[in-house]
file work.txt (compact mmCIF, C-alpha atoms)
# COMPACT_ATOMS: atom_id res chain seq x y z
CA MET A 1363 -20.69 -22.65 -24.06
CA SER A 1364 -23.68 -20.34 -24.18
CA GLN A 1365 -25.95 -22.71 -26.05
CA PRO A 1366 -28.40 -24.37 -23.66
CA PRO A 1367 -28.87 -28.12 -23.81
CA GLY A 1368 -31.99 -29.09 -25.69
CA SER A 1369 -31.17 -26.75 -28.56
CA ALA A 1370 -29.16 -29.61 -30.02
CA SER A 1371 -32.03 -31.70 -31.31
CA GLY A 1372 -30.49 -35.13 -31.71
CA THR A 1373 -29.09 -37.86 -29.57
CA PHE A 1374 -25.86 -37.34 -27.68
CA VAL A 1375 -23.18 -39.97 -28.16
CA ARG A 1376 -19.72 -40.33 -26.66
CA ARG A 1377 -16.98 -39.97 -29.25
CA VAL A 1378 -13.66 -38.21 -29.81
CA PRO A 1379 -14.28 -35.00 -31.80
CA GLU A 1380 -11.85 -34.16 -34.60
CA GLY A 1381 -8.69 -32.56 -33.23
CA ASP A 1382 -9.42 -33.72 -29.69
CA ASN A 1383 -7.96 -36.64 -27.78
CA ARG A 1384 -10.81 -37.52 -25.40
CA GLU A 1385 -14.34 -38.76 -25.69
CA ARG A 1386 -16.96 -36.01 -25.39
CA LEU A 1387 -20.73 -35.89 -25.45
CA VAL A 1388 -21.45 -34.96 -29.06
CA CYS A 1389 -24.86 -34.40 -30.69
CA ASP A 1390 -25.16 -37.02 -33.43
CA ASP A 1391 -27.29 -34.61 -35.43
CA CYS A 1392 -25.55 -31.26 -35.36
CA GLY A 1393 -22.12 -32.00 -33.86
CA PHE A 1394 -22.68 -29.71 -30.85
CA ILE A 1395 -20.14 -30.71 -28.17
CA HIS A 1396 -21.33 -30.70 -24.58
CA TYR A 1397 -18.12 -30.40 -22.54
CA GLU A 1398 -18.35 -31.87 -19.07
CA ASN A 1399 -16.25 -29.97 -16.58
CA PRO A 1400 -15.05 -30.32 -13.01
CA LYS A 1401 -16.97 -28.25 -10.47
CA VAL A 1402 -15.57 -25.69 -8.08
CA VAL A 1403 -16.34 -25.76 -4.36
CA VAL A 1404 -15.36 -22.75 -2.24
CA GLY A 1405 -15.25 -22.60 1.54
CA SER A 1406 -13.27 -21.51 4.56
CA VAL A 1407 -11.84 -22.42 7.91
CA CYS A 1408 -13.13 -19.50 10.01
CA SER A 1409 -11.67 -18.77 13.42
CA TRP A 1410 -12.82 -16.70 16.39
CA GLU A 1411 -9.96 -16.46 18.88
CA ASP A 1412 -8.92 -20.12 19.39
CA ARG A 1413 -12.17 -21.57 18.09
CA ILE A 1414 -13.23 -22.77 14.63
CA LEU A 1415 -16.66 -22.52 13.01
CA LEU A 1416 -18.39 -25.77 12.07
CA CYS A 1417 -21.90 -26.40 10.74
CA ARG A 1418 -23.98 -29.52 11.32
CA ARG A 1419 -25.56 -30.50 8.01
CA ALA A 1420 -29.36 -30.38 7.78
CA ILE A 1421 -29.32 -31.96 4.32
CA ASN A 1422 -27.84 -34.95 2.56
CA PRO A 1423 -25.21 -36.05 1.77
CA ARG A 1424 -23.97 -36.66 5.32
CA LYS A 1425 -26.95 -35.08 7.07
CA GLY A 1426 -26.23 -34.70 10.79
CA PHE A 1427 -22.45 -34.54 10.33
CA TRP A 1428 -20.25 -31.47 10.81
CA THR A 1429 -18.68 -29.54 7.97
CA LEU A 1430 -17.02 -26.24 7.08
CA PRO A 1431 -19.12 -23.54 5.42
CA ALA A 1432 -18.57 -24.41 1.75
CA GLY A 1433 -20.50 -24.95 -1.45
CA TYR A 1434 -20.53 -24.63 -5.23
CA LEU A 1435 -19.14 -21.47 -6.75
CA GLU A 1436 -21.76 -19.60 -8.77
CA LEU A 1437 -21.29 -18.14 -12.25
CA HIS A 1438 -19.60 -14.71 -12.33
CA GLU A 1439 -18.49 -14.95 -8.70
CA THR A 1440 -14.91 -14.80 -7.42
CA THR A 1441 -13.77 -17.72 -5.28
CA ALA A 1442 -13.33 -15.33 -2.33
CA ASP A 1443 -16.83 -13.89 -2.74
CA GLY A 1444 -18.19 -17.44 -2.94
CA ALA A 1445 -16.53 -18.31 0.38
CA LEU A 1446 -18.03 -15.18 1.99
CA ARG A 1447 -21.47 -16.09 0.61
CA GLU A 1448 -21.31 -19.68 1.86
CA ALA A 1449 -20.27 -18.54 5.37
CA TRP A 1450 -23.31 -16.28 5.42
CA GLU A 1451 -25.73 -18.81 3.90
CA GLU A 1452 -24.74 -21.71 6.13
CA ALA A 1453 -23.79 -20.00 9.40
CA ARG A 1454 -24.95 -16.38 9.17
CA ALA A 1455 -21.28 -15.60 9.66
CA LYS A 1456 -19.51 -12.45 8.52
CA ILE A 1457 -15.90 -13.30 7.80
CA GLU A 1458 -12.66 -11.72 6.67
CA ILE A 1459 -10.47 -13.75 4.38
CA GLU A 1460 -6.76 -14.10 5.20
CA GLY A 1461 -5.50 -16.25 2.31
CA VAL A 1462 -5.83 -19.51 0.43
CA LEU A 1463 -5.37 -22.36 2.91
CA ALA A 1464 -5.61 -25.21 0.40
CA VAL A 1465 -6.55 -26.31 -3.09
CA TYR A 1466 -7.84 -29.88 -3.07
CA THR A 1467 -9.06 -32.00 -5.97
CA ILE A 1468 -11.54 -34.76 -5.28
CA THR A 1469 -10.89 -36.68 -8.50
CA ARG A 1470 -13.70 -39.18 -7.91
CA LEU A 1471 -16.19 -36.32 -7.93
CA SER A 1472 -14.25 -34.10 -10.38
CA GLN A 1473 -14.40 -31.41 -7.73
CA VAL A 1474 -11.84 -28.67 -7.12
CA GLN A 1475 -12.03 -27.14 -3.65
CA VAL A 1476 -10.56 -23.71 -2.92
CA ILE A 1477 -10.49 -23.39 0.89
CA TYR A 1478 -9.60 -20.09 2.57
CA ARG A 1479 -8.21 -19.17 5.96
CA ALA A 1480 -10.54 -16.59 7.49
CA HIS A 1481 -11.62 -15.08 10.78
CA LEU A 1482 -15.05 -14.13 11.98
CA SER A 1483 -15.83 -10.44 12.27
CA SER A 1484 -17.94 -11.33 15.33
CA PRO A 1485 -18.86 -14.53 17.16
CA ASP A 1486 -22.54 -14.06 16.31
CA VAL A 1487 -23.34 -17.08 14.17
CA SER A 1488 -26.54 -19.06 13.64
CA ALA A 1489 -27.78 -21.88 11.47
CA GLY A 1490 -28.76 -21.04 7.89
CA PRO A 1491 -31.29 -23.17 5.96
CA GLU A 1492 -28.82 -25.97 5.15
CA SER A 1493 -27.48 -26.26 8.72
CA ALA A 1494 -29.12 -27.94 11.71
CA GLU A 1495 -26.86 -26.03 14.08
CA VAL A 1496 -23.54 -24.19 14.07
CA GLY A 1497 -20.81 -24.02 16.68
CA LEU A 1498 -17.41 -22.61 17.56
CA PHE A 1499 -15.03 -25.39 18.60
CA ARG A 1500 -11.65 -25.40 20.29
CA TRP A 1501 -9.26 -27.93 18.70
CA ASP A 1502 -9.86 -30.57 21.39
CA GLU A 1503 -13.61 -30.08 21.16
CA ILE A 1504 -13.88 -30.85 17.43
CA PRO A 1505 -16.23 -33.84 16.95
CA TRP A 1506 -13.83 -35.82 14.74
CA PRO A 1507 -15.99 -38.98 14.40
CA GLU A 1508 -18.85 -36.79 13.21
CA ILE A 1509 -16.94 -34.83 10.54
CA ALA A 1510 -18.84 -35.03 7.24
CA PHE A 1511 -16.05 -35.39 4.66
CA PRO A 1512 -12.32 -36.28 4.54
CA SER A 1513 -11.52 -32.91 2.95
CA VAL A 1514 -12.96 -31.20 6.05
CA ARG A 1515 -10.46 -33.15 8.16
CA TRP A 1516 -7.66 -32.23 5.74
CA ALA A 1517 -8.56 -28.54 5.93
CA LEU A 1518 -8.80 -28.51 9.73
CA SER A 1519 -5.44 -30.31 10.03
CA HIS A 1520 -3.78 -28.06 7.46
CA TYR A 1521 -5.17 -24.99 9.23
CA ARG A 1522 -3.72 -26.09 12.55
CA GLU A 1523 -0.40 -26.96 10.92
CA ALA A 1524 -0.20 -23.54 9.23
CA ILE A 1525 -0.98 -21.70 12.47
CA GLU A 1526 1.52 -23.73 14.49
CA ARG A 1527 4.30 -23.35 11.94
CA GLY A 1528 3.45 -19.75 11.02
CA GLU A 1529 3.84 -20.99 7.44
CA PHE A 1530 0.91 -20.21 5.19
CA SER A 1531 1.83 -21.63 1.80
CA THR A 1532 -1.18 -23.23 0.15
CA ARG A 1533 -1.69 -26.91 0.92
CA SER A 1534 -2.99 -29.60 -1.44
CA ASN A 1535 -4.31 -33.15 -1.07
CA PRO A 1536 -2.46 -35.14 1.58
CA ALA A 1537 -0.80 -38.26 0.15
CA GLY A 1538 -2.65 -41.50 0.47
CA GLU A 1539 -5.88 -40.00 1.67
CA PHE A 1540 -7.82 -40.25 -1.58
CA GLY A 1541 -9.04 -43.68 -0.57
CA ASP A 1542 -10.77 -42.19 2.46
CA TYR A 1543 -13.14 -40.14 0.43
CA MET B 1134 -25.12 -34.35 -12.93
CA SER B 1135 -24.75 -37.58 -14.86
CA GLN B 1136 -27.78 -37.11 -17.10
CA PRO B 1137 -26.70 -35.86 -20.53
CA PRO B 1138 -28.51 -32.94 -22.11
CA GLY B 1139 -31.03 -34.06 -24.68
CA SER B 1140 -32.43 -36.71 -22.33
CA ALA B 1141 -34.68 -33.98 -21.00
CA SER B 1142 -37.15 -33.84 -23.85
CA GLY B 1143 -38.72 -30.42 -23.47
CA THR B 1144 -37.73 -26.81 -23.75
CA PHE B 1145 -35.33 -25.32 -21.24
CA VAL B 1146 -36.49 -22.12 -19.54
CA ARG B 1147 -34.77 -19.88 -17.01
CA ARG B 1148 -36.55 -19.89 -13.65
CA VAL B 1149 -35.84 -20.17 -9.93
CA PRO B 1150 -36.35 -23.80 -8.85
CA GLU B 1151 -38.17 -24.41 -5.55
CA GLY B 1152 -35.78 -24.03 -2.61
CA ASP B 1153 -33.21 -22.17 -4.69
CA ASN B 1154 -32.52 -18.44 -4.91
CA ARG B 1155 -31.18 -18.12 -8.46
CA GLU B 1156 -32.46 -18.64 -11.96
CA ARG B 1157 -31.40 -21.96 -13.48
CA LEU B 1158 -31.96 -23.65 -16.83
CA VAL B 1159 -34.92 -25.93 -16.10
CA CYS B 1160 -36.65 -28.36 -18.48
CA ASP B 1161 -40.25 -27.16 -18.79
CA ASP B 1162 -41.35 -30.74 -19.31
CA CYS B 1163 -39.63 -32.85 -16.67
CA GLY B 1164 -38.08 -30.29 -14.30
CA PHE B 1165 -34.50 -31.46 -14.94
CA ILE B 1166 -32.17 -28.68 -13.78
CA HIS B 1167 -29.10 -28.02 -15.91
CA TYR B 1168 -26.67 -26.26 -13.52
CA GLU B 1169 -24.22 -23.98 -15.24
CA ASN B 1170 -20.88 -23.89 -13.49
CA PRO B 1171 -17.67 -21.93 -13.60
CA LYS B 1172 -14.82 -23.65 -15.42
CA VAL B 1173 -11.38 -24.44 -14.04
CA VAL B 1174 -8.21 -23.47 -15.89
CA VAL B 1175 -4.90 -24.89 -14.68
CA GLY B 1176 -1.44 -23.73 -15.67
CA SER B 1177 2.02 -22.83 -14.46
CA VAL B 1178 4.85 -20.35 -14.50
CA CYS B 1179 7.76 -22.67 -15.33
CA SER B 1180 11.34 -21.55 -14.84
CA TRP B 1181 14.68 -22.80 -16.08
CA GLU B 1182 17.45 -20.96 -14.20
CA ASP B 1183 16.52 -17.27 -14.65
CA ARG B 1184 14.25 -17.85 -17.64
CA ILE B 1185 10.50 -18.42 -17.93
CA LEU B 1186 8.65 -20.63 -20.41
CA LEU B 1187 6.17 -18.93 -22.74
CA CYS B 1188 4.18 -20.33 -25.67
CA ARG B 1189 3.08 -18.38 -28.75
CA ARG B 1190 -0.52 -19.33 -29.48
CA ALA B 1191 -1.23 -21.11 -32.76
CA ILE B 1192 -5.00 -20.90 -32.19
CA ASN B 1193 -7.60 -18.32 -31.33
CA PRO B 1194 -8.38 -16.54 -29.10
CA ARG B 1195 -5.29 -14.33 -29.27
CA LYS B 1196 -3.50 -16.34 -31.95
CA GLY B 1197 0.10 -15.15 -32.31
CA PHE B 1198 0.31 -13.82 -28.73
CA TRP B 1199 2.35 -15.31 -25.90
CA THR B 1200 0.86 -17.21 -22.99
CA LEU B 1201 1.71 -19.60 -20.16
CA PRO B 1202 1.06 -23.32 -20.63
CA ALA B 1203 -2.51 -23.55 -19.32
CA GLY B 1204 -5.89 -24.95 -20.24
CA TYR B 1205 -9.12 -26.48 -19.00
CA LEU B 1206 -8.95 -29.06 -16.25
CA GLU B 1207 -10.35 -32.40 -17.38
CA LEU B 1208 -12.77 -34.60 -15.43
CA HIS B 1209 -11.15 -36.80 -12.73
CA GLU B 1210 -7.84 -34.94 -12.94
CA THR B 1211 -6.09 -33.12 -10.09
CA THR B 1212 -5.25 -29.47 -10.68
CA ALA B 1213 -1.54 -30.33 -10.39
CA ASP B 1214 -1.81 -33.17 -12.93
CA GLY B 1215 -3.69 -30.82 -15.25
CA ALA B 1216 -0.86 -28.28 -15.06
CA LEU B 1217 1.69 -31.03 -15.87
CA ARG B 1218 -0.43 -32.17 -18.81
CA GLU B 1219 -0.80 -28.67 -20.24
CA ALA B 1220 2.96 -28.02 -19.99
CA TRP B 1221 3.52 -31.21 -21.97
CA GLU B 1222 0.74 -30.61 -24.53
CA GLU B 1223 1.65 -27.01 -25.28
CA ALA B 1224 5.42 -26.98 -24.86
CA ARG B 1225 6.58 -30.62 -24.62
CA ALA B 1226 7.90 -29.54 -21.22
CA LYS B 1227 8.47 -31.81 -18.26
CA ILE B 1228 7.99 -29.79 -15.10
CA GLU B 1229 8.13 -30.13 -11.33
CA ILE B 1230 5.55 -28.24 -9.35
CA GLU B 1231 6.69 -26.11 -6.40
CA GLY B 1232 3.40 -24.72 -5.11
CA VAL B 1233 0.28 -22.71 -5.90
CA LEU B 1234 1.35 -19.31 -7.19
CA ALA B 1235 -2.13 -17.83 -7.59
CA VAL B 1236 -5.86 -18.45 -7.73
CA TYR B 1237 -7.54 -15.97 -10.06
CA THR B 1238 -11.20 -15.64 -10.97
CA ILE B 1239 -12.11 -14.14 -14.31
CA THR B 1240 -15.71 -13.30 -13.37
CA ARG B 1241 -16.65 -12.19 -16.89
CA LEU B 1242 -15.83 -15.67 -18.17
CA SER B 1243 -16.79 -17.53 -14.95
CA GLN B 1244 -13.32 -18.99 -15.00
CA VAL B 1245 -11.23 -20.02 -11.99
CA GLN B 1246 -7.53 -20.24 -12.71
CA VAL B 1247 -5.19 -22.28 -10.49
CA ILE B 1248 -1.65 -21.27 -11.48
CA TYR B 1249 1.37 -23.13 -10.11
CA ARG B 1250 5.01 -22.20 -9.60
CA ALA B 1251 7.12 -24.86 -11.30
CA HIS B 1252 10.54 -25.50 -12.76
CA LEU B 1253 11.50 -27.37 -15.89
CA SER B 1254 13.23 -30.72 -15.47
CA SER B 1255 15.27 -29.86 -18.56
CA PRO B 1256 15.41 -26.94 -21.00
CA ASP B 1257 14.30 -29.18 -23.86
CA VAL B 1258 10.99 -27.67 -24.94
CA SER B 1259 9.22 -27.53 -28.28
CA ALA B 1260 5.89 -26.40 -29.67
CA GLY B 1261 2.91 -28.70 -29.18
CA PRO B 1262 -0.08 -28.60 -31.56
CA GLU B 1263 -1.64 -25.47 -30.00
CA SER B 1264 1.63 -23.49 -30.00
CA ALA B 1265 3.34 -21.78 -32.93
CA GLU B 1266 6.61 -21.65 -31.00
CA VAL B 1267 7.86 -21.79 -27.43
CA GLY B 1268 10.66 -19.92 -25.72
CA LEU B 1269 12.56 -19.37 -22.49
CA PHE B 1270 12.67 -15.67 -21.59
CA ARG B 1271 14.67 -13.66 -19.10
CA TRP B 1272 12.53 -11.05 -17.32
CA ASP B 1273 13.73 -8.18 -19.54
CA GLU B 1274 13.16 -10.26 -22.67
CA ILE B 1275 9.46 -10.95 -22.02
CA PRO B 1276 7.43 -9.59 -24.96
CA TRP B 1277 4.96 -7.62 -22.79
CA PRO B 1278 3.03 -5.98 -25.65
CA GLU B 1279 2.45 -9.44 -27.12
CA ILE B 1280 1.19 -11.16 -23.98
CA ALA B 1281 -2.13 -12.89 -24.73
CA PHE B 1282 -4.18 -12.26 -21.57
CA PRO B 1283 -4.10 -9.97 -18.51
CA SER B 1284 -3.99 -12.99 -16.19
CA VAL B 1285 -0.70 -14.03 -17.85
CA ARG B 1286 0.73 -10.62 -16.91
CA TRP B 1287 -0.62 -11.03 -13.37
CA ALA B 1288 0.95 -14.46 -13.01
CA LEU B 1289 4.34 -13.32 -14.36
CA SER B 1290 4.35 -10.29 -12.05
CA HIS B 1291 3.25 -12.34 -9.04
CA TYR B 1292 5.93 -14.92 -9.82
CA ARG B 1293 8.65 -12.29 -9.89
CA GLU B 1294 7.31 -10.68 -6.71
CA ALA B 1295 7.27 -14.04 -4.91
CA ILE B 1296 10.84 -14.86 -5.96
CA GLU B 1297 12.16 -11.41 -5.04
CA ARG B 1298 10.46 -11.40 -1.64
CA GLY B 1299 11.02 -15.10 -0.94
CA GLU B 1300 7.36 -15.08 0.09
CA PHE B 1301 5.26 -17.73 -1.57
CA SER B 1302 1.76 -17.24 -0.18
CA THR B 1303 -0.85 -17.71 -2.90
CA ARG B 1304 -1.78 -14.57 -4.80
CA SER B 1305 -5.24 -13.62 -6.12
CA ASN B 1306 -6.61 -11.07 -8.58
CA PRO B 1307 -4.80 -7.73 -8.40
CA ALA B 1308 -7.12 -4.87 -7.45
CA GLY B 1309 -8.49 -2.79 -10.25
CA GLU B 1310 -7.25 -5.04 -13.01
CA PHE B 1311 -10.56 -6.70 -13.85
CA GLY B 1312 -11.24 -4.00 -16.40
CA ASP B 1313 -8.15 -4.99 -18.34
CA TYR B 1314 -9.48 -8.34 -19.25
call {"tool": "encode", "arguments": {"input": "work.txt", "output": "structure tokens"}}
result
Amino acid sequence: MSQPPGSASGTFVRRVPEGDNRERLVCDDCGFIHYENPKVVVGSVCSWEDRILLCRRAINPRKGFWTLPAGYLELHETTADGALREAWEEARAKIEIEGVLAVYTITRLSQVQVIYRAHLSSPDVSAGPESAEVGLFRWDEIPWPEIAFPSVRWALSHYREAIERGEFSTRSNPAGEFGDY
Amino acid sequence: MSQPPGSASGTFVRRVPEGDNRERLVCDDCGFIHYENPKVVVGSVCSWEDRILLCRRAINPRKGFWTLPAGYLELHETTADGALREAWEEARAKIEIEGVLAVYTITRLSQVQVIYRAHLSSPDVSAGPESAEVGLFRWDEIPWPEIAFPSVRWALSHYREAIERGEFSTRSNPAGEFGDY
């Protein structure tokens, strides 16, 4: 879809286009279909020795709570490059990616999250513009009540499980935890 | 972004919004930002005994060439459910997902592909509306010169590698193969 919105001059209505089986936003005038798509979030669980990088959010949603370095994938960017970029933007962290830890879908938000396992190239980290502070936490130091999102808890738990089991197949949404989100 | 295009009344221009670091499509009139995002494709390599399911495309692009059952993820759908849906829509196949085979990014198309390992619940498959025919192929029967897209070749090769090695960590883009696409 290279046509920018606004070039369709009419009013958009929701209807099922011919040959489709779902309602779409269709321009009543010219028939231009504006497909609405899920968004991709990329991020990582980054370790330094036995500690994990977390960032305290300086912005909403969930300002003041702790999260993993993660954010929306940009156009023409690989998911791995996006994870590297977010680690730099949010924590001034240089990281090396080890593999895909998990692929989560947050259906409520139509969001697909690709979360990597990674390690820091050095423990020198500092808050980027969207972080109030950053820190390296041992497992028993993680501020669980102040974690920003359920998927951050999933990723931290899946990371620990993978390390303990030495079994690095890619995880997906834990059962029954959708309701938490 | 719940606001449909067309509700911003003015002309969209490309500029860097305040606090951002990239050009976006911004309404000159009201400042509404239309974020352009990568799209998610979901699909699977589905096996029945030592054979793999392929679909010959009845539509463009690459009409007449063979592909895996795959397509765009819909809103509010998990990536796994999307892969099940595509297997049904394109090959009337009922499948059981085993794990994430690969996450590929086609940067040229800003497309993230989540490809699963799966097996068929039965060998009863038939062409859906977007397929001219479907078939179950042994490795040495795969019509390599008639494969629709490089990422289909990647997924087939990664599937075989994973099976042979008994090592199911999630694969990503092979080096140096971007140019093929």
call {"tool": "interface_residues", "arguments": {"input": "work.txt", "of": "chain A", "to": "chain B", "cutoff": "8 Å", "atoms": "only C-alpha atoms", "output": "PyMOL selection string"}}
result
chain A and resi 1366-1368+1370-1374+1387+1396+1398-1402+1435-1441+1461-1462+1466-1472+1474+1530-1532
call {"tool": "closest_residue", "arguments": {"input": "work.txt", "among": "B:Glu1263, B:His1291, B:Lys1227, B:Pro1307", "to": "Ile1192 in chain B", "atoms": "all atoms listed in the file"}}
result
B:Glu1263
call {"tool": "residues_around", "arguments": {"input": "work.txt", "residues": "range 1218-1220 of chain B", "least_positions_apart": "2", "cutoff": "8 Å", "atoms": "all atoms listed in the file", "output": "NGL selection string"}}
result
:B and (1175-1177 or 1202-1204 or 1214-1216 or 1222-1228)
call {"tool": "atom_distance", "arguments": {"input": "work.txt", "atom1": "CA of Thr1200 in chain B", "atom2": "CA of Asp1183 in chain B"}}
result
17.7 Å
call {"tool": "atom_distance", "arguments": {"input": "work.txt", "atom1": "CA of Val1178 in chain B", "atom2": "CA of Ile1296 in chain B"}}
result
11.8 Å
call {"tool": "axis_aligned_box", "arguments": {"input": "work.txt", "around": "range 1523-1531 of chain A", "padding_each_side": "5 Å", "output": "AutoDock Vina command-line options"}}
result
--center_x 1.7 --center_y -23.4 --center_z 8.1 --size_x 15.3 --size_y 17.2 --size_z 22.7
call {"tool": "atom_distance", "arguments": {"input": "work.txt", "atom1": "CA of Gly1490 in chain A", "atom2": "CA of Leu1416 in chain A"}}
result
12.1 Å
call {"tool": "residues_around", "arguments": {"input": "work.txt", "residues": "Trp1272 in chain B", "least_positions_apart": "2", "cutoff": "10 Å", "atoms": "only C-alpha atoms", "output": "PyMOL selection string"}}
result
chain B and resi 1183-1185+1269-1270+1274-1277+1289-1290+1293
call {"tool": "decode", "arguments": {"input": "work.txt", "residues": "range 1269-1283 of chain B", "atoms": "N, CA and C atoms", "output": "mmCIF file, in the first residue's frame"}}
result
data_model
loop_
_atom_site.group_PDB
_atom_site.id
_atom_site.type_symbol
_atom_site.label_atom_id
_atom_site.label_comp_id
_atom_site.auth_asym_id
_atom_site.auth_seq_id
_atom_site.Cartn_x
_atom_site.Cartn_y
_atom_site.Cartn_z
ATOM 1 N N LEU B 1269 1.625 -32.906 -1.850
ATOM 2 C CA LEU B 1269 2.535 -33.341 -0.785
ATOM 3 C C LEU B 1269 3.788 -33.898 -1.453
ATOM 4 N N PHE B 1270 4.933 -33.278 -1.167
ATOM 5 C CA PHE B 1270 6.173 -33.555 -1.890
ATOM 6 C C PHE B 1270 7.238 -34.148 -0.976
ATOM 7 N N ARG B 1271 7.865 -35.229 -1.432
ATOM 8 C CA ARG B 1271 9.102 -35.668 -0.789
ATOM 9 C C ARG B 1271 10.200 -34.667 -1.164
ATOM 10 N N TRP B 1272 11.279 -34.651 -0.350
ATOM 11 C CA TRP B 1272 12.322 -33.642 -0.546
ATOM 12 C C TRP B 1272 12.825 -33.621 -1.998
ATOM 13 N N ASP B 1273 13.057 -34.803 -2.584
ATOM 14 C CA ASP B 1273 13.634 -34.836 -3.939
ATOM 15 C C ASP B 1273 12.571 -34.633 -5.022
ATOM 16 N N GLU B 1274 11.327 -34.415 -4.590
ATOM 17 C CA GLU B 1274 10.269 -34.125 -5.568
ATOM 18 C C GLU B 1274 9.914 -32.641 -5.605
ATOM 19 N N ILE B 1275 10.484 -31.869 -4.685
ATOM 20 C CA ILE B 1275 10.127 -30.438 -4.606
ATOM 21 C C ILE B 1275 10.522 -29.737 -5.901
ATOM 22 N N PRO B 1276 9.589 -29.010 -6.512
ATOM 23 C CA PRO B 1276 9.875 -28.349 -7.802
ATOM 24 C C PRO B 1276 10.653 -27.042 -7.604
ATOM 25 N N TRP B 1277 11.939 -27.160 -7.261
ATOM 26 C CA TRP B 1277 12.751 -25.990 -6.891
ATOM 27 C C TRP B 1277 12.718 -24.851 -7.905
ATOM 28 N N PRO B 1278 12.788 -25.140 -9.222
ATOM 29 C CA PRO B 1278 12.778 -24.004 -10.163
ATOM 30 C C PRO B 1278 11.431 -23.277 -10.191
ATOM 31 N N GLU B 1279 10.405 -23.919 -9.638
ATOM 32 C CA GLU B 1279 9.069 -23.312 -9.668
ATOM 33 C C GLU B 1279 8.617 -22.846 -8.293
ATOM 34 N N ILE B 1280 9.569 -22.631 -7.392
ATOM 35 C CA ILE B 1280 9.221 -22.106 -6.066
ATOM 36 C C ILE B 1280 8.991 -20.596 -6.199
ATOM 37 N N ALA B 1281 7.923 -20.108 -5.546
ATOM 38 C CA ALA B 1281 7.462 -18.736 -5.789
ATOM 39 C C ALA B 1281 8.395 -17.664 -5.231
ATOM 40 N N PHE B 1282 8.929 -17.862 -4.039
ATOM 41 C CA PHE B 1282 9.672 -16.793 -3.358
ATOM 42 C C PHE B 1282 10.922 -17.352 -2.677
ATOM 43 N N PRO B 1283 11.993 -16.550 -2.598
ATOM 44 C CA PRO B 1283 13.194 -17.010 -1.891
ATOM 45 C C PRO B 1283 12.901 -17.462 -0.460
#
